Amino acid sequence: MIHFPHSTALSPTIGVHVSPPILEVRHLVKTYPGATPVTAVNGVSLAVPEGICFGLLGPNGAGKTTSIEIMEGILGATSGEVFYRGEPIGRRFKEEAGILFQKTALQDFLTVRQSLNMFRGLYSRGMDVDEVIKLCALDKLEKRDTRKLSGGQQQRLLLAIALVNDPALLFLDEPTTGLDPQARRNFWELVQSIKARKKTIILTTHYMEEAELLCDEIAIMDRGRVIAQGTPRALLREHFDEVLLELPKQEFPAAARELPLKLIETSDRVEITTNDLDGTLRKLMDAHIPLKDLRIRPPNLEDLFLELTGKELRA
Amino acid sequence: MIQRLLSVFHARNLEFIRDRGTMIFVLILPIAMILGMSFVFGGKERPLFKVGVLTQVVDTKAHPFLSERFVDFVAVKDSSDAVHKVSRHALDLLVDLKQQPVRYWVNPTSPKGYIIEKLLLQSDPMAHREPVSGDAVPYVNWLLPGILGMNLMFSCIFGVGYVVLRYRKNGFLKRLNATPLTAFEFLTAQVMSRLVLTMLVTSLLYIGIATLIRFHSMGNPFLLILLLFMGSLSMIALGLTIAARFASEELVSGLLNLLTWPMMLLSGVWFSLEGSPEWVQWVAKIFPLTHVLDAARAIMLDGAGISAIAPDLLYLAITAVAFLAFGAWSFRWRVE
């Protein structure tokens with residue numbers, strides 16, 4: 001039986017930047033000195049329009065976290081500039097930005113509400129703590145010691161802390177890494193509700209599904225550089241004019257590898273990309289390849305990611 | 001089992017050896033401590049007792065008592081000042097060999113005074129004991145400021161040092177750095193929090209112990225509170241200078257020990273430095289704790305006023321400002 005996929009519903013995209021960038025990065029370079037200096041970020045330039053969710057994707061070591069930490073103003077760049085609403089980042093940026101780091105510890109012995117109150121006190125303006133608690137579904141946890149929260153609850157609290165100043169710009173650095181599927185989906189819903197409030201979000205993630213669901217625009221980084229940038233739909237259109245056929249590897253005989261097809265083998269399956277679906281199916285049937293587990297789907301962000309950054313494991 | 005044990009053993013050794021700062025410090029600290037202590041407390045014979053002799057120059061042949069070993073005989077000229085020092089445990093005994101029979105002054109509550117008196121009477125059974133003028137200060141009363149001061153020192157230096165280190169290691173400081181909070185605001189909040197807590201705890205301890213041992217301070221309690229404030233501030237700031245940038249528990253722990261141990265030994269917590277070499281007393285004067293204890297004893301035991309302890313307060317204020325400025329300058333939000 002041939003499985004036709006669900007349509008891959010991409011988020012509404014913004015094709016043309018109508019609003020001025022809320023954050024702009026110009027020629028960012030970060031080199032860590034040492035016996036063998038490491039250039040983690042090598043000439044990154046980006047412009048993030050206001051009101052969108054901007055995804056920064058890339059394999060491990062691509063320079064995402066270094067870039068985002070420079071944008072957040074907590075790490076100095078070797079060279080290059082970061083502008084928030086046209087001004088170099090400074091006090092106004094810190095007042096108006098919310099940040100959720102990959103890993104953050106909180107003060108011991110404080111409850112959820114006390115932690116939120118503490119962070120709320122650091123800003124001159126912001127949301128009411130009760131409102132943040134409600135928004136992040138922390139109502140039932142507000143009196144709980146923060147050390148006793150589960151991974152998902154902890155992330156919701158950290159998101160609440162990032163929102164406590166009612167930020168215009170929200171950084172989410174791999175926010176769902178390590179969460180179980182339920183907690184991850186719950187977190188995505190939260191992010192979507194924040195998007196609905198017209199906040200600008202800069203998100204880094206390893207999960208292409210997450211980027212596809214949440215991001216209006218993405219930049220893919222590799223080896224310290226931005227190698228592609230645009231809306232997911234535009235990037236997919238730019239890099240793929242084909243559909244993708246997937247077959248289990250054990251059902252694909254060695255002889256069939258000689259067929260004139262664009263094949264990519266992974267550990268457990270064979271992927272065929274083609275812009276002539278009928279012709280390709282005919283060739284497979286002529287080669288007597290069983291098609292009962294064939295899957296046909298349009299390329300997605302993961303395919304784009306692998307296409308651009310390669311499939312080999314990074315050292 | 002052996003393989004598992006060796007694996008962990010090997011990994012931990014590598015971790016320790018590759019932490020260069022800690023490694024160097026672990027090697028240097030004991031050597032520095034040994035050298036320092038042998039320098040301070042070493043010498044041919046380390047005296048156990050300190051005896052004031054009312055004379056211009058101490059001549060060991062003038063009396064058999066003066067040839068006793070392990071006794072530091074110090075020439076004193078002003079008898080009333082020397083008697084006062086006996087009452088304050090700064091001298092274990094005062095002797096006037098010019099008189100016949102020999103006269104001596106000893107604080108009846110002093111443990112060292114008790115022993116050295118026996119030695120004197122052994123060499124001169126006719127020696128005559130004179131009453132110590134004014135109230136003799138019991139050793140426990142003399143010790144009280146020392147114990148409270150030591151507690152204050154540990155609470156201030158370790159309390160702030162370790163907390164900031166933990167915040168930096170677990171990323172809490174990094175998170176705070178992403179807010180409008182400035183380093184100055186953060187450090188000031190830490191100092192204020194520890195200051196209030198330390199002053200409260202020390203005050204409660206003082207009231208509790210003083211009630212227990214029936215001790216009544218001779219001086220103005222508000223002056224004591226001012227001294228407590230200045231002393232705490234100086235030592236909290238000192239703790240911050242260490243915690244300002246490092247992220248290794250072992251290194252910070254070593255540095256904090258390097259600060260606190262000499263203070264505990266040389267600031268006069270347990271014994272007076274009266275009669276010790278001048279340079280030792282000079283070194284001791286560098287430590288904030290010395291000024292806290294000198295001023296606290298002056299207020300509590302002698303009823304000293306603000307003019308008498310003003311130099312100590314000024315020193316504590318200067319060191320507090322200097323340490324805070326250095327701590328703020330060298331402060332790092334995150335592990336580099």
# chains A, B, ... in the order shown; residues from 1 in each chain; ligands from 1
>>> interface_residues(of="chain A", to="chain B", cutoff="7 Å", atoms="only C-alpha atoms", output="list in words")
Ile74, Arg91, Lys94, Glu95, Thr104, Ala105, Leu106, Leu122 and Tyr123 of chain A
>>> write_last_selection(atoms="C-alpha atoms", output="PDB file, in the first residue's frame")
ATOM      1  CA  ILE A  74      25.915  38.487  27.166  1.00  0.00           C
ATOM      2  CA  ARG A  91      19.992  49.203  28.522  1.00  0.00           C
ATOM      3  CA  LYS A  94      17.918  44.518  28.264  1.00  0.00           C
ATOM      4  CA  GLU A  95      14.622  46.049  29.408  1.00  0.00           C
ATOM      5  CA  THR A 104      19.584  27.988  33.645  1.00  0.00           C
ATOM      6  CA  ALA A 105      19.672  27.334  37.362  1.00  0.00           C
ATOM      7  CA  LEU A 106      17.543  29.334  39.742  1.00  0.00           C
ATOM      8  CA  LEU A 122      14.628  43.568  37.907  1.00  0.00           C
ATOM      9  CA  TYR A 123      12.594  45.340  35.221  1.00  0.00           C
TER      10      TYR A 123
END
>>> residues_around(residues="range 92-108 of chain B", least_positions_apart="2", cutoff="6 Å", atoms="only C-alpha atoms", output="list in words")
Lys50, Val51, Gly52, Val53, Leu54, Val86, Ser87, Ser110, Lys112, Gly113, Ala127, His128, Arg129, Glu130, Val132 and Ala136 of chain B
>>> atom_distance(atom1="CA of Leu152 in chain B", atom2="CA of Leu258 in chain B")
16.7 Å
>>> closest_residue(among="A:Met221, A:Ala256, A:Ile272, A:Leu261", to="Asn60 in chain A", atoms="only C-alpha atoms")
A:Met221
>>> residues_around(residues="Leu163 in chain A", least_positions_apart="6", cutoff="8 Å", atoms="only C-alpha atoms", output="PDB file with C-alpha atoms, in the first residue's frame")
ATOM      1  CA  GLY A  98      13.361  38.137  27.256  1.00  0.00           C
ATOM      2  CA  MET A 127       3.564  41.814  32.968  1.00  0.00           C
ATOM      3  CA  VAL A 132       2.505  35.284  33.505  1.00  0.00           C
ATOM      4  CA  LEU A 170      12.096  36.807  22.982  1.00  0.00           C
TER       5      LEU A 170
END
>>> atom_distance(atom1="CA of Thr146 in chain A", atom2="CA of Ala162 in chain A")
15.5 Å
>>> residues_around(residues="Pro260 in chain A", least_positions_apart="4", cutoff="12 Å", atoms="only C-alpha atoms", output="VMD selection string")
chain A and resid 255 to 256 272 to 274 279 to 280 283 to 284 287
>>> closest_residue(among="B:Ile225, B:Cys156, B:Met126, B:Leu316", to="Leu197 in chain B", atoms="only C-alpha atoms")
B:Cys156
>>> select_by_dssp(residues="range 78-274 of chain A", states="strand (DSSP E or B)", output="MDAnalysis selection string")
chainID A and resid 79:84 87:88 97:100 111 145 169:173 200:205 217:222 225:230 243:248 262:265 269:274
>>> write_last_selection(atoms="C-alpha atoms", output="PDB file, in the first residue's frame")
ATOM      1  CA  SER A  79      34.117  42.074  15.578  1.00  0.00           C
ATOM      2  CA  GLY A  80      30.772  43.051  14.108  1.00  0.00           C
ATOM      3  CA  GLU A  81      27.751  44.863  15.445  1.00  0.00           C
ATOM      4  CA  VAL A  82      24.315  44.082  16.856  1.00  0.00           C
ATOM      5  CA  PHE A  83      21.511  46.620  16.625  1.00  0.00           C
ATOM      6  CA  TYR A  84      18.192  46.591  18.435  1.00  0.00           C
ATOM      7  CA  GLU A  87      20.587  51.244  18.098  1.00  0.00           C
ATOM      8  CA  PRO A  88      23.559  49.302  19.458  1.00  0.00           C
ATOM      9  CA  ALA A  97      14.289  41.433  25.637  1.00  0.00           C
ATOM     10  CA  GLY A  98      13.361  38.137  27.256  1.00  0.00           C
ATOM     11  CA  ILE A  99      15.757  35.210  27.229  1.00  0.00           C
ATOM     12  CA  LEU A 100      15.415  31.504  27.795  1.00  0.00           C
ATOM     13  CA  THR A 111       8.994  28.902  45.033  1.00  0.00           C
ATOM     14  CA  ASP A 145       9.991  24.818  45.314  1.00  0.00           C
ATOM     15  CA  LEU A 169      11.892  40.311  21.559  1.00  0.00           C
ATOM     16  CA  LEU A 170      12.096  36.807  22.982  1.00  0.00           C
ATOM     17  CA  PHE A 171      15.112  34.518  22.609  1.00  0.00           C
ATOM     18  CA  LEU A 172      14.478  30.804  22.986  1.00  0.00           C
ATOM     19  CA  ASP A 173      17.696  28.775  22.836  1.00  0.00           C
ATOM     20  CA  THR A 200       9.233  38.692  17.932  1.00  0.00           C
ATOM     21  CA  ILE A 201      10.840  35.350  18.729  1.00  0.00           C
ATOM     22  CA  ILE A 202      14.329  34.155  17.887  1.00  0.00           C
ATOM     23  CA  LEU A 203      14.451  30.401  18.269  1.00  0.00           C
ATOM     24  CA  THR A 204      17.327  27.970  17.966  1.00  0.00           C
ATOM     25  CA  THR A 205      16.454  24.324  17.726  1.00  0.00           C
ATOM     26  CA  GLU A 217      11.647  32.646   8.687  1.00  0.00           C
ATOM     27  CA  ILE A 218      14.790  30.615   9.225  1.00  0.00           C
ATOM     28  CA  ALA A 219      18.520  30.905   8.830  1.00  0.00           C
ATOM     29  CA  ILE A 220      20.613  27.769   8.578  1.00  0.00           C
ATOM     30  CA  MET A 221      24.106  28.049  10.010  1.00  0.00           C
ATOM     31  CA  ASP A 222      27.059  25.800   9.402  1.00  0.00           C
ATOM     32  CA  ARG A 225      28.312  31.050   8.636  1.00  0.00           C
ATOM     33  CA  VAL A 226      24.719  31.501   7.523  1.00  0.00           C
ATOM     34  CA  ILE A 227      24.380  29.244   4.503  1.00  0.00           C
ATOM     35  CA  ALA A 228      20.685  29.821   3.773  1.00  0.00           C
ATOM     36  CA  GLN A 229      18.063  32.275   4.922  1.00  0.00           C
ATOM     37  CA  GLY A 230      14.434  32.869   4.074  1.00  0.00           C
ATOM     38  CA  VAL A 243       9.056  14.946  -4.283  1.00  0.00           C
ATOM     39  CA  LEU A 244      10.680  12.406  -2.069  1.00  0.00           C
ATOM     40  CA  LEU A 245      10.064   8.654  -2.169  1.00  0.00           C
ATOM     41  CA  GLU A 246      11.162   6.519   0.778  1.00  0.00           C
ATOM     42  CA  LEU A 247      11.590   2.756   0.749  1.00  0.00           C
ATOM     43  CA  PRO A 248      12.842   0.374   3.421  1.00  0.00           C
ATOM     44  CA  LYS A 262      18.721  10.168  -7.572  1.00  0.00           C
ATOM     45  CA  LEU A 263      19.273   7.877  -4.581  1.00  0.00           C
ATOM     46  CA  ILE A 264      20.342   8.621  -1.048  1.00  0.00           C
ATOM     47  CA  GLU A 265      20.866   5.683   1.303  1.00  0.00           C
ATOM     48  CA  ARG A 269      15.968   3.390   4.103  1.00  0.00           C
ATOM     49  CA  VAL A 270      16.557   4.531   0.555  1.00  0.00           C
ATOM     50  CA  GLU A 271      15.369   7.994  -0.447  1.00  0.00           C
ATOM     51  CA  ILE A 272      14.684   8.838  -4.065  1.00  0.00           C
ATOM     52  CA  THR A 273      14.162  12.447  -5.136  1.00  0.00           C
ATOM     53  CA  THR A 274      12.414  13.087  -8.392  1.00  0.00           C
TER      54      THR A 274
END
>>> decode(residues="range 46-116 of chain A", atoms="C-alpha atoms", output="compact mmCIF listing (two decimals), in the first residue's frame")
# COMPACT_ATOMS: atom_id res chain seq x y z
CA LEU A 46 21.06 38.81 9.81
CA ALA A 47 18.02 41.04 10.00
CA VAL A 48 15.01 39.91 12.03
CA PRO A 49 11.77 41.72 11.18
CA GLU A 50 9.43 42.63 14.01
CA GLY A 51 6.59 40.28 14.88
CA ILE A 52 7.91 37.05 13.38
CA CYS A 53 9.35 33.86 14.78
CA PHE A 54 12.87 33.58 13.40
CA GLY A 55 14.56 30.18 13.56
CA LEU A 56 18.31 29.76 13.75
CA LEU A 57 19.10 26.20 12.75
CA GLY A 58 22.30 24.30 12.34
CA PRO A 59 24.17 21.18 13.42
CA ASN A 60 26.03 21.00 16.70
CA GLY A 61 28.99 23.36 16.69
CA ALA A 62 27.58 25.46 13.85
CA GLY A 63 27.85 28.61 15.97
CA LYS A 64 24.16 29.06 16.79
CA THR A 65 24.51 29.45 20.55
CA THR A 66 27.56 31.71 20.24
CA SER A 67 25.68 33.88 17.72
CA ILE A 68 22.54 34.05 19.83
CA GLU A 69 24.53 34.85 22.98
CA ILE A 70 26.22 37.74 21.18
CA MET A 71 22.78 38.91 20.01
CA GLU A 72 21.55 38.61 23.60
CA GLY A 73 24.37 40.88 24.68
CA ILE A 74 25.92 38.49 27.17
CA LEU A 75 28.91 37.52 25.04
CA GLY A 76 31.21 39.98 23.34
CA ALA A 77 31.95 39.66 19.64
CA THR A 78 35.47 39.75 18.25
CA SER A 79 34.12 42.07 15.58
CA GLY A 80 30.77 43.05 14.11
CA GLU A 81 27.75 44.86 15.44
CA VAL A 82 24.32 44.08 16.86
CA PHE A 83 21.51 46.62 16.63
CA TYR A 84 18.19 46.59 18.44
CA ARG A 85 15.64 48.86 16.78
CA GLY A 86 18.49 50.57 14.97
CA GLU A 87 20.59 51.24 18.10
CA PRO A 88 23.56 49.30 19.46
CA ILE A 89 22.25 46.95 22.14
CA GLY A 90 22.25 48.49 25.57
CA ARG A 91 19.99 49.20 28.52
CA ARG A 92 16.83 49.53 26.42
CA PHE A 93 17.50 46.14 24.85
CA LYS A 94 17.92 44.52 28.26
CA GLU A 95 14.62 46.05 29.41
CA GLU A 96 12.76 44.85 26.33
CA ALA A 97 14.29 41.43 25.64
CA GLY A 98 13.36 38.14 27.26
CA ILE A 99 15.76 35.21 27.23
CA LEU A 100 15.41 31.50 27.79
CA PHE A 101 18.86 29.91 27.85
CA GLN A 102 19.59 26.28 27.07
CA LYS A 103 20.40 25.73 30.71
CA THR A 104 19.58 27.99 33.64
CA ALA A 105 19.67 27.33 37.36
CA LEU A 106 17.54 29.33 39.74
CA GLN A 107 18.06 30.26 43.35
CA ASP A 108 17.53 27.42 45.78
CA PHE A 109 14.64 27.32 48.25
CA LEU A 110 12.47 29.77 46.27
CA THR A 111 8.99 28.90 45.03
CA VAL A 112 7.83 29.45 41.47
CA ARG A 113 6.05 32.67 42.42
CA GLN A 114 9.01 33.95 44.46
CA SER A 115 11.38 33.32 41.54
CA LEU A 116 9.03 35.18 39.20
